[in-house]
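Source file: structure.txt (compact mmCIF, C-alpha atoms)
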```txt
# COMPACT_ATOMS: atom_id res chain seq x y z
CA MET A 538 -143.93 -16.17 -9.14
CA SER A 539 -145.51 -19.62 -9.38
CA GLN A 540 -147.89 -20.80 -6.66
CA PRO A 541 -145.58 -23.72 -5.59
CA LEU A 542 -142.64 -21.32 -5.22
CA ARG A 543 -144.80 -18.86 -3.32
CA ARG A 544 -145.85 -21.62 -0.89
CA ASP A 545 -142.20 -22.60 -0.42
CA LEU A 546 -141.31 -19.00 0.44
CA LEU A 547 -144.17 -18.77 2.92
CA GLN A 548 -143.14 -22.00 4.61
CA ALA A 549 -139.54 -20.76 4.79
CA GLY A 550 -140.69 -17.53 6.44
CA ALA A 551 -139.90 -15.39 3.39
CA LEU A 552 -142.99 -13.22 3.94
CA LEU A 553 -142.19 -11.74 7.33
CA PRO A 554 -144.63 -9.64 9.36
CA PHE A 555 -142.86 -7.19 11.64
CA VAL A 556 -144.47 -4.99 14.29
CA ALA A 557 -142.61 -1.71 14.77
CA GLY A 558 -140.68 -1.95 18.01
CA LEU A 559 -141.16 -5.73 18.31
CA PRO A 560 -139.27 -8.73 16.89
CA ALA A 561 -140.26 -10.10 13.50
CA ILE A 562 -142.63 -13.08 13.55
CA ALA A 563 -142.73 -15.61 10.72
CA ALA A 564 -145.95 -15.77 8.73
CA PRO A 565 -148.06 -18.91 9.21
CA ALA A 566 -147.27 -21.57 6.62
CA GLY A 567 -149.75 -21.41 3.75
CA ALA A 568 -151.28 -18.12 4.91
CA SER A 569 -154.28 -17.67 2.64
CA ASP A 570 -154.41 -13.88 2.81
CA ALA A 571 -150.85 -13.27 1.51
CA PRO A 572 -150.76 -11.30 -1.78
CA ARG A 573 -149.68 -13.14 -4.89
CA VAL A 574 -146.37 -12.07 -6.44
CA GLN A 575 -145.69 -12.38 -10.16
CA SER A 576 -142.74 -11.16 -12.26
CA TRP A 577 -141.94 -10.70 -15.94
CA LYS A 578 -138.63 -10.06 -17.69
CA LEU A 579 -139.05 -7.17 -20.11
CA ALA A 580 -139.23 -8.50 -23.67
CA THR A 581 -136.63 -6.14 -25.12
CA ARG A 582 -133.52 -6.92 -27.14
CA ARG A 583 -131.29 -5.28 -24.55
CA ALA A 584 -131.51 -3.83 -21.09
CA VAL A 585 -133.41 -0.54 -21.09
CA GLY A 586 -132.79 0.64 -17.51
CA ILE A 587 -136.33 0.59 -16.16
CA HIS A 588 -136.84 3.29 -13.52
CA ASP A 589 -140.42 4.14 -12.53
CA VAL A 590 -143.78 2.55 -13.34
CA SER A 591 -147.41 3.67 -13.53
CA PRO A 592 -150.55 1.73 -14.40
CA ALA A 593 -151.82 2.85 -17.83
CA PRO A 594 -155.49 3.69 -18.48
CA ASP A 595 -155.97 0.29 -20.08
CA HIS A 596 -154.75 -2.99 -18.57
CA GLY A 597 -151.10 -2.17 -19.34
CA ILE A 598 -148.26 -0.63 -17.36
CA TRP A 599 -146.21 2.41 -18.37
CA PHE A 600 -142.54 2.45 -17.40
CA THR A 601 -139.64 4.83 -17.95
CA ALA A 602 -136.67 3.26 -19.73
CA GLN A 603 -134.00 5.60 -18.44
CA GLY A 604 -131.11 3.77 -20.06
CA SER A 605 -132.54 3.79 -23.58
CA GLY A 606 -134.56 7.04 -23.62
CA HIS A 607 -138.02 5.51 -24.06
CA LEU A 608 -141.40 5.33 -22.44
CA GLY A 609 -142.35 1.68 -22.28
CA TRP A 610 -145.76 0.01 -22.28
CA PHE A 611 -146.01 -3.49 -20.85
CA ASP A 612 -148.93 -5.91 -21.26
CA PRO A 613 -149.20 -8.29 -18.26
CA ALA A 614 -151.58 -10.55 -20.18
CA THR A 615 -149.15 -11.34 -23.01
CA GLY A 616 -145.74 -10.07 -21.89
CA ARG A 617 -145.63 -7.71 -24.87
CA THR A 618 -143.41 -4.65 -24.45
CA ASP A 619 -143.57 -1.51 -26.65
CA LEU A 620 -140.92 1.23 -26.55
CA ILE A 621 -141.83 4.79 -27.51
CA PRO A 622 -138.84 7.07 -28.27
CA LEU A 623 -139.03 10.38 -26.39
CA GLY A 624 -136.38 12.40 -28.20
CA ASN A 625 -132.65 12.97 -28.57
CA ALA A 626 -130.66 12.60 -25.33
CA SER A 627 -133.78 11.46 -23.46
CA SER A 628 -133.24 10.04 -19.97
CA PRO A 629 -136.69 9.71 -18.37
CA HIS A 630 -137.05 9.39 -14.61
CA GLY A 631 -140.66 9.52 -13.33
CA VAL A 632 -143.98 8.73 -15.00
CA ILE A 633 -147.59 9.22 -13.89
CA VAL A 634 -150.95 9.19 -15.63
CA GLY A 635 -152.67 12.58 -15.79
CA PRO A 636 -156.33 13.59 -15.64
CA ASP A 637 -156.25 13.50 -19.46
CA ARG A 638 -155.20 9.80 -19.29
CA ALA A 639 -151.87 10.65 -20.96
CA ALA A 640 -148.51 9.60 -19.56
CA TRP A 641 -146.54 12.53 -18.10
CA ILE A 642 -142.79 12.08 -17.75
CA THR A 643 -139.93 13.95 -16.08
CA ASP A 644 -137.08 13.70 -18.59
CA GLY A 645 -133.73 14.71 -17.11
CA GLY A 646 -131.84 14.15 -20.35
CA GLN A 647 -134.01 16.57 -22.33
CA ASN A 648 -134.54 18.87 -19.30
CA ALA A 649 -138.21 18.72 -20.16
CA ILE A 650 -141.61 17.45 -19.22
CA VAL A 651 -142.81 14.98 -21.86
CA ARG A 652 -146.43 14.06 -22.53
CA VAL A 653 -147.29 10.84 -24.33
CA GLY A 654 -150.92 10.84 -25.40
CA TRP A 655 -153.27 7.95 -24.88
CA PRO A 656 -154.29 6.05 -26.90
CA ASP A 657 -152.57 7.86 -29.80
CA ARG A 658 -149.11 7.84 -28.09
CA HIS A 659 -148.31 11.24 -29.60
CA VAL A 660 -145.17 12.72 -27.98
CA ARG A 661 -145.07 16.39 -26.94
CA VAL A 662 -142.06 17.97 -25.21
CA TYR A 663 -142.27 20.95 -22.78
CA ARG A 664 -138.75 22.24 -22.19
CA LEU A 665 -137.69 24.09 -19.06
CA PRO A 666 -136.53 27.69 -19.37
CA GLN A 667 -133.00 28.14 -20.63
CA GLY A 668 -130.44 28.13 -17.82
CA ALA A 669 -132.56 26.06 -15.44
CA PHE A 670 -130.98 22.63 -15.68
CA ALA A 671 -133.02 20.84 -13.05
CA ASN A 672 -131.99 17.16 -13.15
CA LEU A 673 -135.70 16.35 -13.21
CA ASN A 674 -137.06 13.77 -10.81
CA THR A 675 -140.82 13.26 -10.29
CA CYS A 676 -144.13 15.06 -10.87
CA ALA A 677 -147.70 15.32 -9.56
CA PHE A 678 -150.93 17.06 -10.59
CA ASP A 679 -152.58 19.57 -8.25
CA GLY A 680 -156.29 20.13 -7.71
CA ASP A 681 -156.46 22.57 -10.63
CA GLY A 682 -154.95 20.15 -13.14
CA ASP A 683 -151.51 21.79 -13.28
CA LEU A 684 -148.37 19.65 -13.17
CA TRP A 685 -145.72 20.27 -10.50
CA PHE A 686 -142.27 18.73 -10.64
CA THR A 687 -138.97 18.48 -8.76
CA GLY A 688 -135.37 18.78 -9.88
CA GLN A 689 -132.52 17.44 -7.78
CA SER A 690 -130.29 20.35 -8.81
CA GLY A 691 -132.46 22.53 -6.56
CA TYR A 692 -135.60 23.39 -8.51
CA VAL A 693 -139.35 23.11 -8.19
CA GLY A 694 -141.57 23.97 -11.14
CA ARG A 695 -145.05 24.05 -12.58
CA LEU A 696 -146.44 23.39 -16.04
CA ALA A 697 -149.79 25.09 -16.56
CA VAL A 698 -151.25 22.36 -18.74
CA LYS A 699 -153.94 24.44 -20.47
CA SER A 700 -151.57 27.22 -21.56
CA GLY A 701 -148.31 25.26 -21.72
CA ARG A 702 -146.62 27.94 -19.60
CA MET A 703 -143.64 26.71 -17.60
CA THR A 704 -142.40 28.38 -14.42
CA VAL A 705 -139.42 27.24 -12.35
CA LYS A 706 -138.23 28.40 -8.92
CA LYS A 707 -135.12 27.61 -6.91
CA ALA A 708 -135.91 25.42 -3.93
CA PRO A 709 -134.99 26.43 -0.38
CA ARG A 710 -131.69 25.04 0.93
CA GLY A 711 -130.37 24.22 -2.53
CA VAL A 712 -129.99 20.80 -4.11
CA GLY A 713 -132.15 17.83 -3.19
CA PRO A 714 -135.82 18.06 -4.32
CA TYR A 715 -136.89 14.51 -5.09
CA GLY A 716 -140.31 12.90 -4.51
CA ILE A 717 -143.56 14.84 -4.90
CA THR A 718 -147.23 14.13 -4.22
CA SER A 719 -150.67 15.70 -4.20
CA THR A 720 -153.24 15.34 -1.43
CA PRO A 721 -157.00 14.65 -1.68
CA SER A 722 -157.58 18.41 -1.24
CA GLY A 723 -155.33 19.17 -4.24
CA ASP A 724 -152.32 20.54 -2.34
CA VAL A 725 -148.78 19.62 -3.41
CA TRP A 726 -145.93 18.50 -1.16
CA TYR A 727 -142.41 17.36 -1.98
CA CYS A 728 -139.33 16.15 -0.13
CA SER A 729 -135.64 16.94 -0.36
CA LEU A 730 -133.23 14.02 -0.17
CA ALA A 731 -130.07 16.11 0.19
CA ALA A 732 -131.48 18.83 2.47
CA SER A 733 -133.67 16.47 4.56
CA PHE A 734 -137.02 18.24 4.69
CA ILE A 735 -140.55 18.02 3.33
CA ALA A 736 -142.27 21.12 1.99
CA LYS A 737 -145.69 22.39 1.00
CA ILE A 738 -145.88 24.44 -2.19
CA ASP A 739 -147.91 27.63 -2.32
CA ARG A 740 -149.77 26.91 -5.55
CA ARG A 741 -150.31 30.63 -6.20
CA THR A 742 -146.72 31.81 -5.82
CA GLY A 743 -144.75 28.59 -6.25
CA GLU A 744 -142.86 29.21 -3.01
CA SER A 745 -142.02 26.34 -0.66
CA THR A 746 -142.38 26.09 3.11
CA PRO A 747 -139.90 23.52 4.50
CA ILE A 748 -140.78 21.34 7.49
CA ASP A 749 -138.04 19.33 9.21
CA PRO A 750 -138.60 15.68 10.18
CA PRO A 751 -137.74 14.61 13.75
CA THR A 752 -134.60 12.74 12.62
CA PRO A 753 -131.83 15.08 11.42
CA GLU A 754 -130.35 14.28 8.00
CA SER A 755 -132.82 11.41 7.53
CA GLY A 756 -132.86 11.84 3.73
CA PRO A 757 -136.55 11.81 2.74
CA ARG A 758 -136.49 10.31 -0.75
CA ARG A 759 -140.11 9.90 -1.79
CA ILE A 760 -143.39 11.16 -0.36
CA TRP A 761 -147.02 10.06 -0.74
CA SER A 762 -150.35 11.25 0.63
CA ASP A 763 -152.89 8.89 2.12
CA ASN A 764 -156.66 9.34 1.89
CA GLN A 765 -156.63 11.53 5.01
CA GLY A 766 -154.01 13.94 3.64
CA ARG A 767 -151.21 12.65 5.86
CA LEU A 768 -147.76 12.70 4.21
CA TRP A 769 -145.75 9.47 4.31
CA THR A 770 -142.04 9.65 3.53
CA SER A 771 -139.34 7.05 2.91
CA GLU A 772 -136.18 8.14 4.72
CA TRP A 773 -133.19 6.78 2.82
CA ASN A 774 -130.38 7.73 5.20
CA ALA A 775 -132.20 6.72 8.38
CA GLY A 776 -133.89 3.57 7.06
CA GLN A 777 -137.23 4.79 8.35
CA LEU A 778 -140.84 5.39 7.39
CA SER A 779 -142.27 8.65 8.71
CA VAL A 780 -145.66 10.32 8.53
CA PHE A 781 -146.57 13.98 8.99
CA ASP A 782 -150.13 15.13 9.68
CA PRO A 783 -150.66 18.75 8.52
CA ARG A 784 -153.79 19.02 10.67
CA ASN A 785 -151.90 18.87 13.97
CA GLN A 786 -148.31 19.26 12.72
CA GLY A 787 -147.51 15.91 14.31
CA TRP A 788 -144.90 13.36 13.25
CA GLN A 789 -144.59 9.61 13.74
CA THR A 790 -141.53 7.57 12.76
CA PHE A 791 -141.13 3.82 12.31
CA LYS A 792 -137.80 2.02 11.86
CA LEU A 793 -137.82 -0.54 9.06
CA PRO A 794 -136.94 -4.13 10.02
CA GLY A 795 -133.47 -5.47 9.29
CA ASN A 796 -129.89 -4.55 10.07
CA ALA A 797 -129.27 -1.93 7.38
CA PRO A 798 -132.53 -0.72 5.78
CA HIS A 799 -132.54 1.91 3.04
CA ALA A 800 -136.06 3.09 2.26
CA TYR A 801 -136.24 4.27 -1.36
CA ALA A 802 -139.86 4.66 -2.48
CA VAL A 803 -143.19 4.95 -0.71
CA TYR A 804 -146.72 4.48 -2.05
CA VAL A 805 -150.10 4.44 -0.25
CA ASP A 806 -152.79 2.26 -1.80
CA ASP A 807 -156.57 2.75 -1.88
CA ARG A 808 -156.94 1.04 1.52
CA ASP A 809 -154.29 3.31 3.12
CA THR A 810 -151.79 0.48 3.36
CA VAL A 811 -148.30 1.96 3.01
CA TRP A 812 -145.77 0.27 0.71
CA ILE A 813 -142.00 0.85 0.87
CA SER A 814 -139.13 -0.41 -1.25
CA ASP A 815 -136.13 -1.32 0.91
CA TRP A 816 -132.79 -1.64 -0.87
CA GLY A 817 -131.12 -2.88 2.32
CA SER A 818 -133.17 -6.10 2.43
CA ASN A 819 -133.89 -6.30 -1.33
CA SER A 820 -137.60 -6.37 -0.58
CA VAL A 821 -140.86 -4.49 -0.73
CA LEU A 822 -142.54 -3.89 2.62
CA SER A 823 -146.16 -3.19 3.45
CA PHE A 824 -147.07 -1.27 6.60
CA ASP A 825 -150.44 -1.26 8.35
CA PRO A 826 -150.81 2.07 10.19
CA ALA A 827 -153.45 0.63 12.53
CA SER A 828 -151.40 -2.31 13.81
CA ARG A 829 -147.98 -0.73 13.07
CA ARG A 830 -147.12 -4.00 11.38
CA PHE A 831 -144.59 -4.42 8.57
CA THR A 832 -144.75 -7.38 6.20
CA ALA A 833 -141.79 -8.11 3.93
CA TYR A 834 -142.01 -9.40 0.37
CA PRO A 835 -138.46 -10.36 -0.69
CA MET A 836 -137.67 -9.87 -4.36
CA PRO A 837 -136.96 -13.18 -6.15
CA ARG A 838 -133.78 -11.78 -7.75
CA GLU A 839 -130.72 -10.25 -6.12
CA SER A 840 -130.12 -6.49 -6.40
CA ALA A 841 -133.62 -5.74 -7.69
CA ASN A 842 -133.09 -2.04 -6.79
CA VAL A 843 -136.78 -1.20 -6.69
CA ARG A 844 -137.44 2.48 -7.31
CA GLN A 845 -140.91 3.99 -7.55
CA LEU A 846 -143.97 2.00 -6.50
CA LEU A 847 -147.42 2.65 -7.93
CA GLY A 848 -150.63 0.71 -8.17
CA ARG A 849 -154.30 0.41 -8.87
CA LYS A 850 -157.03 -1.30 -6.89
CA GLY A 851 -155.77 -4.69 -5.74
CA GLU A 852 -152.31 -4.34 -7.30
CA VAL A 853 -148.94 -2.82 -6.39
CA TRP A 854 -146.54 -2.53 -9.34
CA VAL A 855 -142.79 -2.81 -8.79
CA PRO A 856 -140.00 -1.78 -11.21
CA GLU A 857 -136.78 -3.72 -10.73
CA SER A 858 -134.19 -1.31 -12.08
CA GLY A 859 -131.36 -3.71 -11.29
CA THR A 860 -132.80 -6.61 -13.29
CA ASP A 861 -135.18 -5.11 -15.91
CA TYR A 862 -138.06 -7.13 -14.48
CA ILE A 863 -141.54 -5.83 -13.67
CA THR A 864 -143.24 -7.36 -10.64
CA VAL A 865 -146.77 -7.10 -9.26
CA ILE A 866 -147.98 -7.79 -5.73
CA ARG A 867 -151.69 -8.60 -5.89
CA THR A 868 -153.46 -7.55 -2.72
CA ALA A 869 -157.09 -8.27 -3.59
```
Any chance you could put this one into structure tokens?
Amino acid sequence: MSQPLRRDLLQAGALLPFVAGLPAIAAPAGASDAPRVQSWKLATRRAVGIHDVSPAPDHGIWFTAQGSGHLGWFDPATGRTDLIPLGNASSPHGVIVGPDRAAWITDGGQNAIVRVGWPDRHVRVYRLPQGAFANLNTCAFDGDGDLWFTGQSGYVGRLAVKSGRMTVKKAPRGVGPYGITSTPSGDVWYCSLAASFIAKIDRRTGESTPIDPPTPESGPRRIWSDNQGRLWTSEWNAGQLSVFDPRNQGWQTFKLPGNAPHAYAVYVDDRDTVWISDWGSNSVLSFDPASRRFTAYPMPRESANVRQLLGRKGEVWVPESGTDYITVIRTA
């Protein structure tokens, strides 16, 4: 987004701070501490169905092209976009960068975990056991370097990276496992959209212990740990942001601003600011846990349909699945 347009949005109240439980207050015109927003249309011949993003080990950005079956690499400096084919029937969902600096992908079409090496971009496919069609969603590395993943059909699994051994277990309460995260201590938690719970995985046995949020049927869609090990969840059905502290088993819940919020993704940055994508308002929200203050960053295009959020220091990266744009919110 250009600086003149950004100033116009600020003056029109487009960046809206909101304190949970209080009315929204327009940001001061020309606020100097507002992050800069910039967007790029993917330079591809046709729409690729961007889904999730992850900063690459270099200056680029990985993204899953769910509609075309590729892992994409985007260069913010030049706008260049590379597409790496992942295999027949590929339909990638989530992507993260592993301890080995490779891109690790949950590929629902191939029913497999896919590793794309860096910088060689060599593709390796780890298929799930026969009969376990998981509808793969997202993945996270634990403290031992093993990869855990969720499947919406009702599965949670682990890939032992060193041996390549894959184990899959049925999740409690059936279908629904969706977002997944690891904590600073190396533990792994996930959430179930359909069954409305969060769960800690026993890394030795692979079994899950469900914990119910305060709001019934809230639909936790994604989950992310902050630097203190607290678990933040985006509640799709309830339009809420919730946080669970394993140390005292306590919950806090915050209603998103707007008339009909739908919280899709959640991400916690290096400063413990919480970021949420809200399909109801077509915006990305930041939340300051200390002040309980939301700030809204409306997407410049209608129906952006922002899915996963990820970032690196000073940047939050935003995939617009509805437009095939990539957007960054610079926070430094």
| task | Rank A:Ile621, A:Ala775, A:Val780, A:Val811 by their smallest atom-to-atom distance to Asn796 of chain A, using all atoms listed in the file, and report the top residue only. | result | A:Ala775
Closest pair table for segment 786-862 of chain A residues within 10 Å of segment 710-734 of chain A, all atoms listed in the file, as a tab-separated table:
```
residue	atom	partner	partner_atom	distance
A:Ala802	CA	A:Gly716	CA	8.5
A:Val803	CA	A:Gly716	CA	9.3
A:Tyr804	CA	A:Thr718	CA	9.9
A:Gln845	CA	A:Gly716	CA	9.4
```
| request: Pick out the closest residue to Gly701 of chain A from this set: A:Gly795, A:Gly688, A:Gly631, A:Gly682. Count only C-alpha atoms. | output: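 Counting only C-alpha atoms, the residue closest to Gly701 of chain A is A:Gly682.
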| request: Could you check how far atom CA of Ser823 of chain A sits from atom CA of Gln786 of chain A, in Å to one decimal? | output: 24.4 Å
| field | Nearest candidate to Gly851 of chain A (options A:Asn672, A:Ser690, A:Ser818, A:Thr810; using all atoms listed in the file) | value | A:Thr810
| said: as an MDAnalysis selection string, please: the residues near Ser700 of chain A (cut-off 12 Å, all atoms listed in the file, same-chain neighbours under 3 positions excluded). | reply: chainID A and resid 663 682:684 695:697 703:704
Export, as an mmCIF file, keeping the file's coordinate frame, the selected residues with C-alpha atoms.
```
data_model
loop_
_atom_site.group_PDB
_atom_site.id
_atom_site.type_symbol
_atom_site.label_atom_id
_atom_site.label_comp_id
_atom_site.auth_asym_id
_atom_site.auth_seq_id
_atom_site.Cartn_x
_atom_site.Cartn_y
_atom_site.Cartn_z
ATOM 1 C CA TYR A 663 -142.270 20.950 -22.780
ATOM 2 C CA GLY A 682 -154.950 20.150 -13.140
ATOM 3 C CA ASP A 683 -151.510 21.790 -13.280
ATOM 4 C CA LEU A 684 -148.370 19.650 -13.170
ATOM 5 C CA ARG A 695 -145.050 24.050 -12.580
ATOM 6 C CA LEU A 696 -146.440 23.390 -16.040
ATOM 7 C CA ALA A 697 -149.790 25.090 -16.560
ATOM 8 C CA MET A 703 -143.640 26.710 -17.600
ATOM 9 C CA THR A 704 -142.400 28.380 -14.420
#
```
| query | Interatomic distance between atom CA of Trp854 of chain A and atom CA of Ser576 of chain A? | reply |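 About the pair atom CA of Trp854 of chain A and atom CA of Ser576 of chain A: they are 9.9 Å apart.
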| Within 6 Å of Ala841 of chain A using only C-alpha atoms, minus same-chain residues under 6 positions, as a list in words | Glu857, Gly859 and Thr860 of chain A
| request: In Å, rounded to a single decimal, give me how far atom CA of Pro656 of chain A is from atom CA of Arg844 of chain A. | output: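 According to the coordinates, atom CA of Arg844 of chain A and atom CA of Pro656 of chain A are separated by 26.1 Å.
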| message | From (-140.4, -2.1, -13.8), in the file's coordinates, out to 7 Å: which residues are reached, counting all atoms listed in the file? Answer as a list in words. | response | Ile587, His588, Asp589, Val590, Phe600, Val855, Pro856, Glu857, Ser858, Asp861, Tyr862, Ile863 and Thr864 of chain A
Any chance you could tabulate, as CSV, the residues of segment 671-783 of chain A at most 7 Å from segment 788-794 of chain A with each one's nearest atom pair and distance in Å to one decimal, using all atoms listed in the file, in chain and rising number order?
```
residue,atom,partner,partner_atom,distance
A:Gly776,CA,A:Leu793,CA,6.0
A:Gln777,CA,A:Lys792,CA,4.5
A:Leu778,CA,A:Phe791,CA,5.2
A:Ser779,CA,A:Thr790,CA,4.3
A:Val780,CA,A:Gln789,CA,5.4
A:Phe781,CA,A:Trp788,CA,4.6
A:Asp782,CA,A:Trp788,CA,6.6
```
| field | Exercise: residues within 9 Å of coordinate (-150.9, -0.9, 0.3), counting only C-alpha atoms, as a list of chain:residue names | value | A:Tyr804, A:Val805, A:Asp806, A:Asp807, A:Arg808, A:Asp809, A:Thr810, A:Val811, A:Trp812, A:Ser823, A:Phe824, A:Asp825, A:Gly848, A:Gly851, A:Glu852, A:Val853, A:Thr868
| Contacts of Asp657 of chain A at 12 Å (all atoms listed in the file; same-chain gap of 6+ positions) as an MDAnalysis selection string | chainID A and resid 621 638:640
| said: Neighbouring residues of Ala580 of chain A were defined as those with any atom within 9 Å, considering all atoms listed in the file; residues of the same chain fewer than 6 positions away were excluded. Please report them as a PyMOL selection string. | reply: chain A and resi 611+616-619
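Using only C-alpha atoms for every distance, the candidate list A:Glu772, A:Asp739, A:Asp815, A:Asp681 yields A:Asp739 as the residue closest to Val693 of chain A.
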| In terms of the shortest atom-to-atom distance over all atoms listed in the file, which of A:Pro613, A:Asp679, A:Ile735, A:Ala649 is closest to Trp577 of chain A? |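 Going through A:Pro613, A:Asp679, A:Ile735, A:Ala649 one by one, the smallest distance to Trp577 of chain A is for A:Pro613.
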| request: For segment 652-654 of chain A, please output as a VMD selection string all residues within 10 Å (counting only C-alpha atoms; exclusion window: fewer than 5 positions along the same chain). | output: chain A and resid 608 621 623 632 to 635 637 to 643 659 to 663
Go ahead and write the selection's residues with C-alpha atoms as a tab-separated table (two decimals), in the frame of the given file.
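Dumped to part.tsv:
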```
chain	number	residue	atom	x	y	z
A	608	LEU	CA	-141.40	5.33	-22.44
A	621	ILE	CA	-141.83	4.79	-27.51
A	623	LEU	CA	-139.03	10.38	-26.39
A	632	VAL	CA	-143.98	8.73	-15.00
A	633	ILE	CA	-147.59	9.22	-13.89
A	634	VAL	CA	-150.95	9.19	-15.63
A	635	GLY	CA	-152.67	12.58	-15.79
A	637	ASP	CA	-156.25	13.50	-19.46
A	638	ARG	CA	-155.20	9.80	-19.29
A	639	ALA	CA	-151.87	10.65	-20.96
A	640	ALA	CA	-148.51	9.60	-19.56
A	641	TRP	CA	-146.54	12.53	-18.10
A	642	ILE	CA	-142.79	12.08	-17.75
A	643	THR	CA	-139.93	13.95	-16.08
A	659	HIS	CA	-148.31	11.24	-29.60
A	660	VAL	CA	-145.17	12.72	-27.98
A	661	ARG	CA	-145.07	16.39	-26.94
A	662	VAL	CA	-142.06	17.97	-25.21
A	663	TYR	CA	-142.27	20.95	-22.78
```
